[in-house]
file protein06.txt (compact mmCIF, C-alpha atoms)
# COMPACT_ATOMS: atom_id res chain seq x y z
CA MET A 26 0.00 0.00 0.00
CA TYR A 27 2.69 2.47 0.78
CA ALA A 28 6.42 2.62 1.03
CA PRO A 29 7.78 5.10 3.53
CA LEU A 30 10.91 6.72 2.17
CA ALA A 31 13.99 7.72 4.05
CA TYR A 32 13.91 11.21 2.59
CA ALA A 33 12.56 14.32 4.25
CA LEU A 34 11.47 17.36 2.32
CA GLN A 35 12.55 20.44 4.18
CA LEU A 36 11.21 23.65 2.86
CA ALA A 37 13.94 25.44 4.77
CA ARG A 38 16.25 24.17 2.04
CA MET A 39 14.59 26.68 -0.22
CA ASP A 40 16.49 29.33 1.71
CA ALA A 41 19.68 27.51 0.81
CA TYR A 42 18.67 27.62 -2.84
CA ASP A 43 18.17 31.37 -2.76
CA ARG A 44 21.44 31.86 -0.92
CA TYR A 45 23.78 29.50 -2.72
CA ALA A 46 22.29 28.82 -6.13
CA PRO A 47 23.80 31.96 -7.73
CA ALA A 48 27.32 30.92 -6.67
CA LEU A 49 26.75 27.36 -7.81
CA LEU A 50 25.30 28.55 -11.09
CA ARG A 51 28.39 30.64 -11.79
CA LYS A 52 30.57 27.66 -10.99
CA ALA A 53 28.65 25.31 -13.27
CA GLN A 54 28.67 27.93 -16.03
CA ARG A 55 32.46 28.20 -15.78
CA MET A 56 32.80 24.45 -16.16
CA LEU A 57 30.20 23.74 -18.78
CA GLY A 58 30.14 26.96 -20.78
CA SER A 59 26.38 26.71 -20.87
CA THR A 60 23.83 28.60 -18.79
CA VAL A 61 21.02 26.20 -19.59
CA ASP A 62 22.97 23.13 -18.52
CA ALA A 63 24.32 24.92 -15.46
CA GLU A 64 20.77 25.73 -14.38
CA ASP A 65 19.78 22.10 -14.76
CA VAL A 66 22.70 20.91 -12.68
CA VAL A 67 22.05 23.32 -9.84
CA HIS A 68 18.31 22.80 -10.01
CA GLY A 69 18.72 19.05 -9.87
CA LEU A 70 21.13 19.23 -6.97
CA PHE A 71 18.66 21.13 -4.81
CA VAL A 72 15.85 18.78 -5.76
CA ASP A 73 17.87 15.86 -4.47
CA LEU A 74 19.03 17.68 -1.38
CA LEU A 75 15.52 18.66 -0.45
CA LEU A 76 14.35 15.11 -0.76
CA LYS A 77 17.10 13.70 1.38
CA ALA A 78 17.04 13.47 5.15
CA SER A 79 20.41 15.05 5.55
CA GLU A 80 21.86 17.90 7.49
CA ASP A 81 22.25 21.34 6.00
CA HIS A 82 25.25 21.73 3.73
CA ASP A 83 27.64 24.60 3.34
CA LEU A 84 28.93 26.15 0.16
CA PRO A 85 32.14 24.08 -0.05
CA TYR A 86 30.10 20.90 0.10
CA LEU A 87 27.70 22.19 -2.53
CA TYR A 88 30.61 23.28 -4.71
CA ARG A 89 31.91 19.74 -4.71
CA ALA A 90 28.45 18.35 -5.43
CA VAL A 91 28.08 20.65 -8.44
CA THR A 92 31.56 19.74 -9.66
CA ASN A 93 30.74 16.08 -9.66
CA ARG A 94 27.41 16.57 -11.37
CA CYS A 95 29.01 18.66 -14.10
CA LEU A 96 31.69 16.02 -14.59
CA THR A 97 29.02 13.33 -14.82
CA LEU A 98 27.47 15.37 -17.62
CA LEU A 99 30.82 15.71 -19.36
CA ARG A 100 31.56 12.01 -19.22
CA ASP A 101 28.68 11.35 -21.55
CA ARG A 102 29.92 11.61 -25.09
CA ASP A 103 26.75 13.08 -26.54
CA ASN A 104 26.50 15.72 -23.83
CA ARG A 105 30.16 16.53 -24.30
CA ALA A 106 29.70 17.07 -28.02
CA ARG A 107 26.65 19.23 -27.45
CA LEU A 108 28.38 21.37 -24.85
CA LEU A 109 31.41 21.87 -27.04
CA ALA A 110 29.26 22.79 -30.00
CA ARG A 111 27.34 25.44 -28.09
CA HIS A 112 30.12 26.61 -25.83
CA GLU A 113 29.72 30.16 -24.49
CA PRO A 114 33.35 31.13 -23.72
CA GLU A 115 32.39 34.34 -21.96
CA LEU A 116 30.97 32.28 -19.11
CA ARG A 117 34.49 31.17 -18.20
CA GLY A 118 35.27 34.48 -16.50
CA PRO A 119 38.80 35.80 -15.94
CA VAL A 120 41.41 33.05 -16.24
CA ARG A 121 43.75 33.32 -13.29
CA THR A 122 45.38 29.90 -13.12
CA ARG A 123 47.00 28.03 -15.95
CA ALA A 124 48.77 24.73 -16.46
CA ASP A 125 52.24 25.81 -17.52
CA GLU A 126 50.84 28.92 -19.17
CA ARG A 127 48.14 26.90 -20.96
CA VAL A 128 44.51 27.74 -20.28
CA VAL A 129 42.50 24.71 -19.23
CA GLY A 130 39.16 25.28 -20.90
CA LEU A 131 36.14 23.16 -21.69
CA ASN A 132 37.81 21.59 -24.72
CA MET A 133 40.81 20.41 -22.73
CA LEU A 134 38.67 19.34 -19.78
CA ALA A 135 36.52 17.27 -22.14
CA ARG A 136 39.62 15.49 -23.41
CA LEU A 137 41.07 14.94 -19.95
CA VAL A 138 37.82 13.45 -18.69
CA GLU A 139 38.47 10.54 -21.03
CA ARG A 140 42.04 10.04 -19.92
CA LEU A 141 41.99 10.57 -16.16
CA ASP A 142 40.09 9.16 -13.23
CA GLU A 143 37.48 11.08 -11.25
CA ALA A 144 39.82 12.30 -8.53
CA HIS A 145 42.29 13.78 -11.00
CA VAL A 146 39.61 15.45 -13.09
CA GLU A 147 37.97 16.87 -9.99
CA THR A 148 41.34 18.31 -8.98
CA ILE A 149 41.66 19.93 -12.42
CA VAL A 150 38.34 21.68 -11.95
CA TYR A 151 39.18 23.07 -8.55
CA ARG A 152 42.60 24.26 -9.66
CA PHE A 153 41.96 25.65 -13.12
CA PHE A 154 38.28 26.56 -13.10
CA ASP A 155 37.81 27.58 -9.48
CA ASP A 156 41.37 28.86 -8.91
CA MET A 157 41.68 27.07 -5.59
CA SER A 158 45.01 26.73 -3.85
CA LEU A 159 46.36 23.28 -3.10
CA GLU A 160 45.35 23.71 0.52
CA GLU A 161 41.79 24.59 -0.42
CA ILE A 162 41.57 21.64 -2.81
CA ALA A 163 42.88 19.34 -0.10
CA GLU A 164 40.21 20.63 2.28
CA VAL A 165 37.37 20.24 -0.20
CA MET A 166 38.45 16.77 -1.29
CA HIS A 167 39.44 15.60 2.20
CA VAL A 168 42.91 14.56 1.14
CA SER A 169 46.39 15.79 1.97
CA ARG A 170 48.06 18.69 0.21
CA LYS A 171 50.69 16.25 -0.95
CA THR A 172 48.08 14.11 -2.65
CA VAL A 173 46.73 17.17 -4.43
CA GLY A 174 50.24 18.06 -5.53
CA ASN A 175 50.82 14.55 -6.87
CA ARG A 176 47.56 14.64 -8.77
CA LEU A 177 48.35 17.99 -10.31
CA SER A 178 51.71 16.71 -11.35
CA ARG A 179 50.05 13.83 -13.18
CA VAL A 180 47.59 16.29 -14.70
CA GLN A 181 50.45 18.40 -16.02
CA ASP A 182 51.92 15.31 -17.65
CA GLU A 183 48.60 14.49 -19.32
CA ILE A 184 48.16 18.04 -20.55
CA GLY A 185 51.67 17.94 -21.93
CA ALA A 186 50.83 14.69 -23.72
CA LEU A 187 47.73 16.28 -25.22
CA GLU A 188 49.73 19.14 -26.58
CA ASP A 189 52.32 16.84 -28.11
CA PRO A 190 51.61 16.77 -31.86
CA GLY A 191 52.88 13.23 -31.94
CA GLU A 192 50.40 12.02 -29.33
CA GLY A 193 47.83 9.61 -30.69
CA ALA A 194 48.90 10.23 -34.25
CA MET B 15 59.58 35.91 -7.04
CA GLU B 16 56.86 33.31 -6.42
CA PRO B 17 53.59 33.96 -8.25
CA ILE B 18 50.87 34.98 -5.84
CA GLU B 19 48.00 32.52 -5.52
CA PRO B 20 44.76 34.09 -6.67
CA VAL B 21 41.81 34.21 -4.31
CA SER B 22 39.62 31.31 -5.36
CA TRP B 23 36.11 31.75 -6.65
CA LEU B 24 34.82 29.83 -3.63
CA ARG B 25 36.52 32.19 -1.27
CA LEU B 26 35.25 35.22 -3.14
CA GLU B 27 31.71 33.83 -3.10
CA ARG B 28 31.93 33.27 0.64
CA TYR B 29 33.32 36.75 1.06
CA HIS B 30 30.34 38.12 -0.86
CA LEU B 31 28.00 36.07 1.36
CA GLY B 32 29.67 37.33 4.52
CA GLU B 33 30.77 33.84 5.51
CA LEU B 34 34.48 34.47 5.98
CA THR B 35 36.18 35.15 9.25
CA PRO B 36 37.45 38.71 9.67
CA GLU B 37 40.99 37.48 9.07
CA ASP B 38 40.11 35.72 5.83
CA ALA B 39 38.00 38.65 4.70
CA ALA B 40 40.97 40.94 5.25
CA LEU B 41 43.11 38.70 3.01
CA VAL B 42 40.49 38.88 0.30
CA GLU B 43 40.31 42.65 0.59
CA ARG B 44 44.06 42.87 0.23
CA ALA B 45 43.87 40.81 -2.96
CA LEU B 46 41.04 42.95 -4.28
CA ALA B 47 43.11 46.03 -3.72
CA THR B 48 45.99 44.72 -5.80
CA SER B 49 44.49 42.41 -8.43
CA PRO B 50 42.27 43.67 -11.26
CA ASP B 51 41.33 40.08 -12.17
CA THR B 52 40.14 39.42 -8.63
CA ARG B 53 38.08 42.61 -8.74
CA ALA B 54 36.59 41.49 -12.06
CA CYS B 55 35.61 38.19 -10.48
CA LEU B 56 33.92 39.91 -7.56
CA GLU B 57 32.09 42.22 -9.97
CA GLN B 58 30.72 39.15 -11.69
CA ILE B 59 29.64 37.74 -8.35
CA ARG B 60 27.88 40.94 -7.42
CA LYS B 61 25.76 40.97 -10.57
CA PRO B 62 22.18 39.96 -9.76
CA VAL B 63 21.24 36.47 -10.89
CA ARG B 64 17.75 35.57 -11.94
CA LEU B 65 17.16 32.12 -10.53
CA ARG B 66 14.91 29.73 -12.35
CA PRO B 67 12.00 28.84 -10.05
CA LEU B 68 12.32 25.31 -8.84
CA THR B 69 8.85 24.36 -10.03
CA GLU B 70 9.80 24.76 -13.66
CA PRO B 71 10.77 21.54 -15.43
CA PRO B 72 14.35 20.96 -16.58
CA ASN B 73 15.50 22.75 -19.73
CA ARG B 74 16.06 19.60 -21.67
CA LYS B 75 15.85 15.89 -21.29
CA ALA B 76 19.50 15.02 -21.61
CA ARG B 77 20.32 11.40 -22.13
CA PRO B 78 20.84 10.06 -18.64
CA THR B 79 24.01 8.27 -17.89
CA LEU B 80 23.30 7.37 -14.31
CA VAL B 81 20.20 6.97 -12.22
CA THR B 82 21.44 9.78 -10.02
CA TRP B 83 21.61 12.07 -13.07
CA LEU B 84 17.98 11.22 -13.82
CA ARG B 85 17.07 12.05 -10.26
CA ALA B 86 19.07 15.27 -10.39
CA ARG B 87 16.82 16.59 -13.13
CA TRP B 88 13.63 16.65 -11.15
CA PRO B 89 12.37 20.08 -10.29
CA MET B 90 11.52 20.97 -6.74
CA LEU B 91 8.64 22.20 -4.70
CA SER B 92 8.57 25.95 -4.69
CA LEU B 93 8.52 27.67 -1.31
CA ALA B 94 6.43 30.38 -2.90
CA ALA B 95 3.85 27.86 -3.97
CA ALA B 96 3.83 26.24 -0.55
CA THR B 97 3.50 29.44 1.41
CA ALA B 98 0.94 30.94 -0.95
CA GLY B 99 -1.34 28.08 0.02
CA ILE B 100 -1.68 24.70 -1.50
CA ALA B 101 -4.76 23.97 -3.54
CA LEU B 102 -5.95 20.47 -2.99
CA PHE B 103 -8.12 18.24 -4.86
CA VAL B 104 -10.63 16.75 -2.45
CA TRP B 105 -12.91 14.04 -3.45
CA VAL B 106 -15.64 13.46 -0.93
CA GLN B 107 -18.15 10.79 -1.60
CA ALA B 108 -20.84 10.19 0.96
CA ARG B 109 -23.35 7.38 0.61
CA PRO B 110 -26.22 6.57 2.97
CA GLY B 111 -24.91 4.55 5.89
CA GLN B 112 -21.30 5.18 4.95
CA PRO B 113 -18.93 7.26 7.06
CA VAL B 114 -18.35 10.72 5.65
CA LEU B 115 -14.85 11.40 4.45
CA PRO B 116 -13.35 14.29 6.40
CA ALA B 117 -12.72 17.37 4.30
CA ARG B 118 -9.27 18.65 3.56
CA SER B 119 -9.93 21.73 5.67
CA VAL B 120 -11.32 21.27 9.16
CA ARG B 121 -12.36 23.96 11.58
CA VAL B 122 -10.56 23.88 14.93
CA LYS B 123 -10.19 26.31 17.77
CA GLY B 124 -8.36 29.34 16.42
CA GLY B 125 -8.73 28.58 12.73
CA ASP B 126 -8.56 25.71 10.31
CA VAL B 127 -6.33 22.71 9.89
CA VAL B 128 -5.74 22.17 6.21
CA LEU B 129 -4.15 19.14 4.62
CA GLY B 130 -1.74 19.80 1.78
CA LEU B 131 -0.74 16.89 -0.41
CA VAL B 132 2.12 17.34 -2.83
CA ARG B 133 3.13 14.83 -5.46
CA GLU B 134 6.47 14.58 -7.18
CA ARG B 135 6.53 12.63 -10.43
CA ALA B 136 9.59 12.41 -12.65
CA GLY B 137 10.66 15.85 -11.69
CA ALA B 138 7.30 17.57 -11.84
CA ILE B 139 5.69 18.84 -8.67
CA ASP B 140 1.91 18.81 -8.46
CA THR B 141 0.47 20.74 -5.55
CA ALA B 142 -3.08 19.52 -6.20
CA PRO B 143 -2.74 15.88 -7.20
CA SER B 144 -5.83 13.84 -7.91
CA THR B 145 -4.12 10.64 -8.96
CA PHE B 146 -1.13 8.48 -8.22
CA ALA B 147 1.01 6.10 -10.24
CA GLU B 148 3.95 3.86 -9.53
CA GLY B 149 7.00 5.87 -8.64
CA ASP B 150 5.16 8.97 -7.48
CA ARG B 151 6.31 10.41 -4.20
CA PHE B 152 3.99 12.24 -1.84
CA LYS B 153 4.62 14.75 0.85
CA VAL B 154 2.15 16.00 3.45
CA LEU B 155 1.99 19.65 4.43
CA VAL B 156 -0.16 20.95 7.25
CA THR B 157 -1.56 24.43 7.69
CA CYS B 158 -2.72 25.04 11.24
CA PRO B 159 -3.44 28.05 13.45
CA PRO B 160 -0.46 29.43 15.38
CA ASP B 161 -1.76 28.47 18.81
CA PHE B 162 -2.86 25.04 17.76
CA ASP B 163 -1.21 22.40 19.86
CA GLY B 164 -0.96 19.62 17.35
CA SER B 165 0.80 16.34 17.08
CA PHE B 166 0.10 15.15 13.57
CA ASP B 167 -0.02 11.67 12.19
CA VAL B 168 -0.65 10.45 8.66
CA ALA B 169 -2.92 7.56 7.82
CA VAL B 170 -3.52 6.06 4.40
CA LEU B 171 -6.80 4.23 3.85
CA GLN B 172 -7.07 2.02 0.83
CA ASP B 173 -9.10 -1.02 0.00
CA GLY B 174 -10.59 -1.20 3.46
CA THR B 175 -7.26 -1.19 5.26
CA ALA B 176 -5.37 1.54 7.05
CA SER B 177 -1.66 2.03 7.26
CA PHE B 178 0.74 4.65 8.55
CA PRO B 179 3.66 5.78 6.41
CA PHE B 180 5.58 7.36 9.25
CA PRO B 181 6.87 5.73 12.43
CA SER B 182 5.09 8.05 14.87
CA PRO B 183 3.07 11.26 15.13
CA GLU B 184 5.03 14.46 14.79
CA SER B 185 4.77 17.68 16.72
CA VAL B 186 5.13 20.73 14.51
CA ALA B 187 5.24 24.45 15.02
CA CYS B 188 2.01 25.47 13.33
CA GLY B 189 1.93 27.81 10.40
CA ASN B 190 1.31 27.74 6.67
CA ALA B 191 2.08 24.56 4.77
CA VAL B 192 4.38 23.07 7.36
CA PRO B 193 5.91 19.89 5.95
CA LEU B 194 5.69 16.72 7.94
CA ARG B 195 8.89 14.75 7.81
CA GLY B 196 9.28 12.00 5.33
CA ALA B 197 7.67 11.15 2.04
CA PHE B 198 5.91 8.07 0.80
CA THR B 199 4.74 6.30 -2.29
CA LEU B 200 1.37 4.75 -3.01
CA THR B 201 0.80 1.47 -4.75
CA GLY B 202 -2.16 -0.62 -5.78
CA SER B 203 -5.08 -0.09 -8.09
CA ALA B 204 -7.61 1.27 -5.60
CA SER B 205 -8.02 4.90 -4.69
CA ALA B 206 -6.13 5.95 -1.61
CA THR B 207 -7.32 8.41 1.00
CA VAL B 208 -4.52 10.25 2.75
CA CYS B 209 -5.47 11.76 6.08
CA VAL B 210 -3.61 13.89 8.56
CA THR B 211 -4.90 13.35 12.08
CA TRP B 212 -4.36 15.16 15.33
CA ASN B 213 -6.19 13.02 17.85
CA THR B 214 -4.38 12.88 21.15
CA ASP B 215 -5.69 9.38 21.84
CA PRO B 216 -2.63 7.11 22.06
CA ASN B 217 -4.72 4.24 20.69
CA GLU B 218 -5.76 6.21 17.66
CA ARG B 219 -3.82 4.11 15.19
CA ARG B 220 -5.42 0.94 16.43
CA ALA B 221 -8.83 2.57 16.24
CA ILE B 222 -8.22 3.66 12.65
CA GLU B 223 -6.96 0.21 11.70
CA GLN B 224 -10.09 -1.35 13.17
CA ARG B 225 -12.73 1.16 12.14
CA GLY B 226 -11.23 3.16 9.29
CA LEU B 227 -12.93 6.45 8.49
CA GLU B 228 -15.32 6.08 11.41
CA ALA B 229 -12.44 6.53 13.81
CA LEU B 230 -11.31 9.79 12.24
CA ARG B 231 -14.25 12.02 13.21
CA GLU B 232 -13.42 15.69 13.72
CA SER B 233 -9.70 15.36 14.21
CA ALA B 234 -8.66 14.54 10.65
CA ALA B 235 -8.38 16.21 7.29
CA CYS B 236 -8.27 13.98 4.23
CA ALA B 237 -7.75 13.96 0.50
CA THR B 238 -8.26 11.11 -1.93
CA VAL B 239 -6.17 10.29 -4.95
CA ALA B 240 -7.20 7.80 -7.60
CA SER B 241 -4.92 5.15 -9.04
CA GLU B 242 -4.05 5.81 -12.68
call {"tool": "encode", "arguments": {"input": "protein06.txt", "output": "structure tokens"}}
result
Amino acid sequence: MYAPLAYALQLARMDAYDRYAPALLRKAQRMLGSTVDAEDVVHGLFVDLLLKASEDHDLPYLYRAVTNRCLTLLRDRDNRARLLARHEPELRGPVRTRADERVVGLNMLARLVERLDEAHVETIVYRFFDDMSLEEIAEVMHVSRKTVGNRLSRVQDEIGALEDPGEGA
Amino acid sequence: MEPIEPVSWLRLERYHLGELTPEDAALVERALATSPDTRACLEQIRKPVRLRPLTEPPNRKARPTLVTWLRARWPMLSLAAATAGIALFVWVQARPGQPVLPARSVRVKGGDVVLGLVRERAGAIDTAPSTFAEGDRFKVLVTCPPDFDGSFDVAVLQDGTASFPFPSPESVACGNAVPLRGAFTLTGSASATVCVTWNTDPNERRAIEQRGLEALRESAACATVASE
């Protein structure tokens, strides 16, 4: 007759939407280069949060949640192609961190998603799209600064391989 | 000279929201004073953003890759809709000799207790559902007068049996469209009557199980949804 669910809808979460959604929207726009897809990601996140019996979450937590949802979108080949085709570069905002002077944009992120695991790609986003320091990344990802440094080192190698004209020829 | 680390977007957002400690805020302000790029970022943050209401459906039906991505695309109940008052579909059918189904709005001391039933289906929120199908999720909202001392329970009557989606009655601070904790689904092919009750009798559940609607009397507000 019925199936009680573990989720609790808390209308107070609507306050969290008003407060944090703009920041999360900007973040998703930077990653995806698409306002429409960014809206969907943020929208969907708050739907799920509101239906879960969980404690309130702060912006760093929500930032990570949006990152992972955007990356999920990017891992799908069709979505990737669509996003690249309709990319709005102005959504990227000022570029303040680079990988050896190279800008890590949507195109490069889309290629790296296929070559690196989730932890490395997530690190890329925090470093080159959100301009986080290694300490901040370590805090958000709950790992050591050393781990973040090692991951970024691997990322640099992969980016270098992408730029190599001989790669994959 | 070592390149200076930029202030991250997250830190700037938290600065804008007033969430940083005074020490961290001071560091941000120092960066703003010296870095045009950081100032440009903060300008972007300060621009007003028009948020899409959560009751609107997703922009597109992207091909889902994971179940969680499917779930992430469901729109949400709008606070505005909830606080503006929830319109309910109430189906009351009284036949001679049959107990009368309580209405969705019941007069109590100080005002009315009103049952709000909200359905979520594949991302769409219906604040006046009249039907249910497999997979639908329901949430109960209660509007009650401020001084009303209520401990609310939810009973579902279907096919001559009564059941209770939630483990125990819940005390709430009365107001407009106050959500009771938890959500539930409905199954089966018969119509289901969802009632919120506020009887203080500790044996109320047993009484409802044994006598159904008859046991509800004046301390319940109900709404019926038909199976699709």
call {"tool": "residues_around", "arguments": {"input": "protein06.txt", "residues": "Glu148 (chain B)", "least_positions_apart": "2", "cutoff": "8 Å", "atoms": "only C-alpha atoms", "output": "compact mmCIF listing (two decimals) with C-alpha atoms, in the frame of the given file"}}
result
# COMPACT_ATOMS: atom_id res chain seq x y z
CA PHE B 146 -1.13 8.48 -8.22
CA ASP B 150 5.16 8.97 -7.48
CA THR B 199 4.74 6.30 -2.29
CA LEU B 200 1.37 4.75 -3.01
CA THR B 201 0.80 1.47 -4.75
call {"tool": "residues_around", "arguments": {"input": "protein06.txt", "residues": "Ala235 (chain B)", "least_positions_apart": "4", "cutoff": "7 Å", "atoms": "only C-alpha atoms", "output": "ChimeraX atom specification"}}
result
/B:116-120,128-129,209-211
call {"tool": "atom_distance", "arguments": {"input": "protein06.txt", "atom1": "CA of Phe154 (chain A)", "atom2": "CA of His167 (chain A)"}}
result
18.9 Å
call {"tool": "closest_residue", "arguments": {"input": "protein06.txt", "among": "A:Glu147, A:Leu57, A:Val72, A:Asp83", "to": "chain B", "atoms": "only C-alpha atoms"}}
result
A:Val72
call {"tool": "axis_aligned_box", "arguments": {"input": "protein06.txt", "around": "region 145-154 of chain A", "padding_each_side": "4 Å", "output": "lines of an AutoDock Vina configuration file"}}
result
center_x = 40.3
center_y = 20.2
center_z = -10.8
size_x = 12.6
size_y = 20.8
size_z = 12.6
call {"tool": "residues_near_point", "arguments": {"input": "protein06.txt", "point": "(-11.1, 19.6, 13.1)", "cutoff": "8 Å", "atoms": "all atoms listed in the file", "output": "number ranges by chain"}}
result
B: 119-122, 126-127, 232-235
call {"tool": "atom_distance", "arguments": {"input": "protein06.txt", "atom1": "CA of Thr92 (chain A)", "atom2": "CA of Arg53 (chain B)"}}
result
23.8 Å
call {"tool": "closest_residue", "arguments": {"input": "protein06.txt", "among": "B:Phe198, B:Phe178, B:Phe166, B:Trp212", "to": "chain A", "atoms": "only C-alpha atoms"}}
result
B:Phe198
call {"tool": "atom_distance", "arguments": {"input": "protein06.txt", "atom1": "CA of Tyr29 (chain B)", "atom2": "CA of Arg176 (chain A)"}}
result
28.1 Å
call {"tool": "closest_residue", "arguments": {"input": "protein06.txt", "among": "B:Cys188, B:Val156, B:Leu56, B:Leu171", "to": "Leu115 (chain B)", "atoms": "all atoms listed in the file"}}
result
B:Leu171
